Amino acid sequence: MVVAMSKMFEGEVEFHDCSEVDTARGGGSDQARFVQVIQGRTDDLPRLRELTDVFEQQFGDMRPDLLGYLACYHDGGDGAFTQVAYFTSEEEARAAERQEPPPEVAATLREEMDLMQDVRYLDLTDPWLQSPSRG
């Protein structure tokens with residue numbers, strides 16, 4: 001399957017097996033007009049997952065521009081992850097990024113970012129999304 005999928009892309013392609021995946025707000029959304037992929041690794045995966053849950057449970061309503069997201073943890077035990085966030089639009093996502101969060105939210109976000117290493121971002125500004133039909 002990987003070989004067949006690779007043929008659909010130009011250039012180098014990476015695939016990661018992820019036996020563990022967390023979702024919030026329904027996961028991905030075909031309504032998204034902007035998608036951000038974040039890849040990195042962490043030395044404390046349990047704490048990173050805990051902070052993601054805390055943020056969603058306590059502060060989830062702060063980002064109405066965030067339609068849903070996936071957090072995928074790469075098999076292999078090295079703490080590598082891929083997060084995919086689905087936004088209403090790039091403009092709304094960037095505007096929300098620029099807002100100063102309340103202190104308790106800022107502390108959670110700071111700790112979360114401190115746990116991430118080798119972080120890289122891929123912004124999809126014109127995503128083509130189509131979930132399988134449920135029939």
# chains A, B, ... in the order shown; residues from 1 in each chain; ligands from 1
>>> select_by_dssp(residues="chain A", states="helix (DSSP H, G or I)", output="ChimeraX atom specification")
/A:2-6,45-62,90-98,103-115
>>> write_last_selection(atoms="C-alpha atoms", output="short mmCIF file (atom, residue, chain, number, x, y, z; two decimals), in the first residue's frame")
data_model
loop_
_atom_site.label_atom_id
_atom_site.label_comp_id
_atom_site.auth_asym_id
_atom_site.auth_seq_id
_atom_site.Cartn_x
_atom_site.Cartn_y
_atom_site.Cartn_z
CA VAL A 2 2.86 2.40 0.82
CA VAL A 3 4.38 1.93 -2.64
CA ALA A 4 1.03 2.57 -4.33
CA MET A 5 0.44 5.67 -2.21
CA SER A 6 3.97 7.00 -2.85
CA LEU A 45 4.78 11.45 25.78
CA PRO A 46 2.39 10.70 28.69
CA ARG A 47 2.69 14.29 29.96
CA LEU A 48 2.29 15.76 26.47
CA ARG A 49 -0.91 13.74 26.00
CA GLU A 50 -2.14 14.81 29.43
CA LEU A 51 -1.59 18.50 28.64
CA THR A 52 -3.44 18.14 25.35
CA ASP A 53 -6.40 16.67 27.25
CA VAL A 54 -6.25 19.44 29.87
CA PHE A 55 -6.24 22.12 27.20
CA GLU A 56 -9.22 20.60 25.37
CA GLN A 57 -11.27 20.00 28.53
CA GLN A 58 -10.59 23.32 30.24
CA PHE A 59 -9.89 25.76 27.43
CA GLY A 60 -11.37 24.19 24.28
CA ASP A 61 -13.92 26.95 23.78
CA MET A 62 -11.12 29.54 23.45
CA GLU A 90 -5.85 30.57 7.92
CA GLU A 91 -6.86 34.15 8.69
CA GLU A 92 -8.91 33.13 11.73
CA ALA A 93 -6.20 30.73 12.95
CA ARG A 94 -3.47 33.39 12.68
CA ALA A 95 -5.65 35.99 14.41
CA ALA A 96 -6.30 33.59 17.30
CA GLU A 97 -2.57 32.80 17.54
CA ARG A 98 -1.79 36.49 18.01
CA PRO A 103 -2.23 33.19 32.35
CA GLU A 104 -3.43 29.65 33.15
CA VAL A 105 -3.79 28.86 29.44
CA ALA A 106 -0.40 30.40 28.68
CA ALA A 107 1.22 28.22 31.35
CA THR A 108 -0.30 25.05 29.88
CA LEU A 109 0.74 26.01 26.35
CA ARG A 110 4.27 26.89 27.50
CA GLU A 111 4.71 23.53 29.24
CA GLU A 112 3.35 21.75 26.18
CA MET A 113 5.80 23.57 23.87
CA ASP A 114 8.68 22.91 26.29
CA LEU A 115 8.01 19.17 25.96
#
>>> residues_around(residues="Gly27 (chain A)", least_positions_apart="4", cutoff="7 Å", atoms="only C-alpha atoms", output="PDB file with C-alpha atoms, in the first residue's frame")
ATOM      1  CA  THR A  23      -8.806  12.998  18.483  1.00  0.00           C
ATOM      2  CA  GLY A  68     -10.837  19.414  15.200  1.00  0.00           C
ATOM      3  CA  TYR A  69      -7.496  17.689  15.407  1.00  0.00           C
ATOM      4  CA  LEU A  70      -5.642  14.415  15.459  1.00  0.00           C
TER       5      LEU A  70
END
>>> select_by_dssp(residues="region 69-115 of chain A", states="strand (DSSP E or B)", output="list in words")
Tyr69, Leu70, Ala71, Cys72, Tyr73, Ala80, Phe81, Thr82, Gln83, Val84, Ala85, Tyr86 and Phe87 of chain A
>>> write_last_selection(atoms="C-alpha atoms", output="PDB file, in the first residue's frame")
ATOM      1  CA  TYR A  69      -7.496  17.689  15.407  1.00  0.00           C
ATOM      2  CA  LEU A  70      -5.642  14.415  15.459  1.00  0.00           C
ATOM      3  CA  ALA A  71      -2.581  13.586  17.536  1.00  0.00           C
ATOM      4  CA  CYS A  72      -0.808  10.533  16.131  1.00  0.00           C
ATOM      5  CA  TYR A  73       2.014   8.839  18.031  1.00  0.00           C
ATOM      6  CA  ALA A  80       7.827  10.977  17.705  1.00  0.00           C
ATOM      7  CA  PHE A  81       4.406  12.406  16.897  1.00  0.00           C
ATOM      8  CA  THR A  82       2.357  14.065  14.179  1.00  0.00           C
ATOM      9  CA  GLN A  83      -0.469  16.456  15.049  1.00  0.00           C
ATOM     10  CA  VAL A  84      -2.944  17.631  12.437  1.00  0.00           C
ATOM     11  CA  ALA A  85      -5.137  20.650  13.243  1.00  0.00           C
ATOM     12  CA  TYR A  86      -8.137  21.630  11.093  1.00  0.00           C
ATOM     13  CA  PHE A  87      -9.114  25.316  11.091  1.00  0.00           C
TER      14      PHE A  87
END
>>> closest_residue(among="A:Thr88, A:Ser19, A:Gln36, A:Gln99", to="Leu122 (chain A)", atoms="only C-alpha atoms")
A:Gln36
>>> closest_residue(among="A:Val13, A:Leu66, A:Thr42, A:Gly77", to="Gly26 (chain A)", atoms="only C-alpha atoms")
A:Leu66
>>> residues_around(residues="Pro132 (chain A)", least_positions_apart="3", cutoff="12 Å", atoms="only C-alpha atoms", output="PyMOL selection string")
chain A and resi 28-30+129+135
>>> write_last_selection(atoms="N, CA and C atoms", output="PDB file, in the first residue's frame")
ATOM      1  N   GLY A  28     -10.610  15.104  12.222  1.00  0.00           N
ATOM      2  CA  GLY A  28     -10.507  15.929  11.023  1.00  0.00           C
ATOM      3  C   GLY A  28     -11.854  16.488  10.609  1.00  0.00           C
ATOM      4  N   SER A  29     -11.810  17.514   9.774  1.00  0.00           N
ATOM      5  CA  SER A  29     -13.041  18.136   9.298  1.00  0.00           C
ATOM      6  C   SER A  29     -12.911  18.527   7.835  1.00  0.00           C
ATOM      7  N   ASP A  30     -13.838  18.052   7.028  1.00  0.00           N
ATOM      8  CA  ASP A  30     -13.868  18.430   5.614  1.00  0.00           C
ATOM      9  C   ASP A  30     -14.215  19.905   5.425  1.00  0.00           C
ATOM     10  N   LEU A 129     -10.072  18.014   1.086  1.00  0.00           N
ATOM     11  CA  LEU A 129     -10.491  17.073   2.118  1.00  0.00           C
ATOM     12  C   LEU A 129     -11.792  16.405   1.709  1.00  0.00           C
ATOM     13  N   GLY A 135     -22.122   4.949   4.935  1.00  0.00           N
ATOM     14  CA  GLY A 135     -23.358   4.453   4.343  1.00  0.00           C
ATOM     15  C   GLY A 135     -23.888   3.227   4.883  1.00  0.00           C
TER      16      GLY A 135
END
>>> atom_distance(atom1="CA of Asp44 (chain A)", atom2="CA of Arg120 (chain A)")
18.0 Å
>>> atom_distance(atom1="CA of Gly76 (chain A)", atom2="CA of Tyr121 (chain A)")
21.5 Å
>>> atom_distance(atom1="CA of Gln31 (chain A)", atom2="CA of Lys7 (chain A)")
26.9 Å
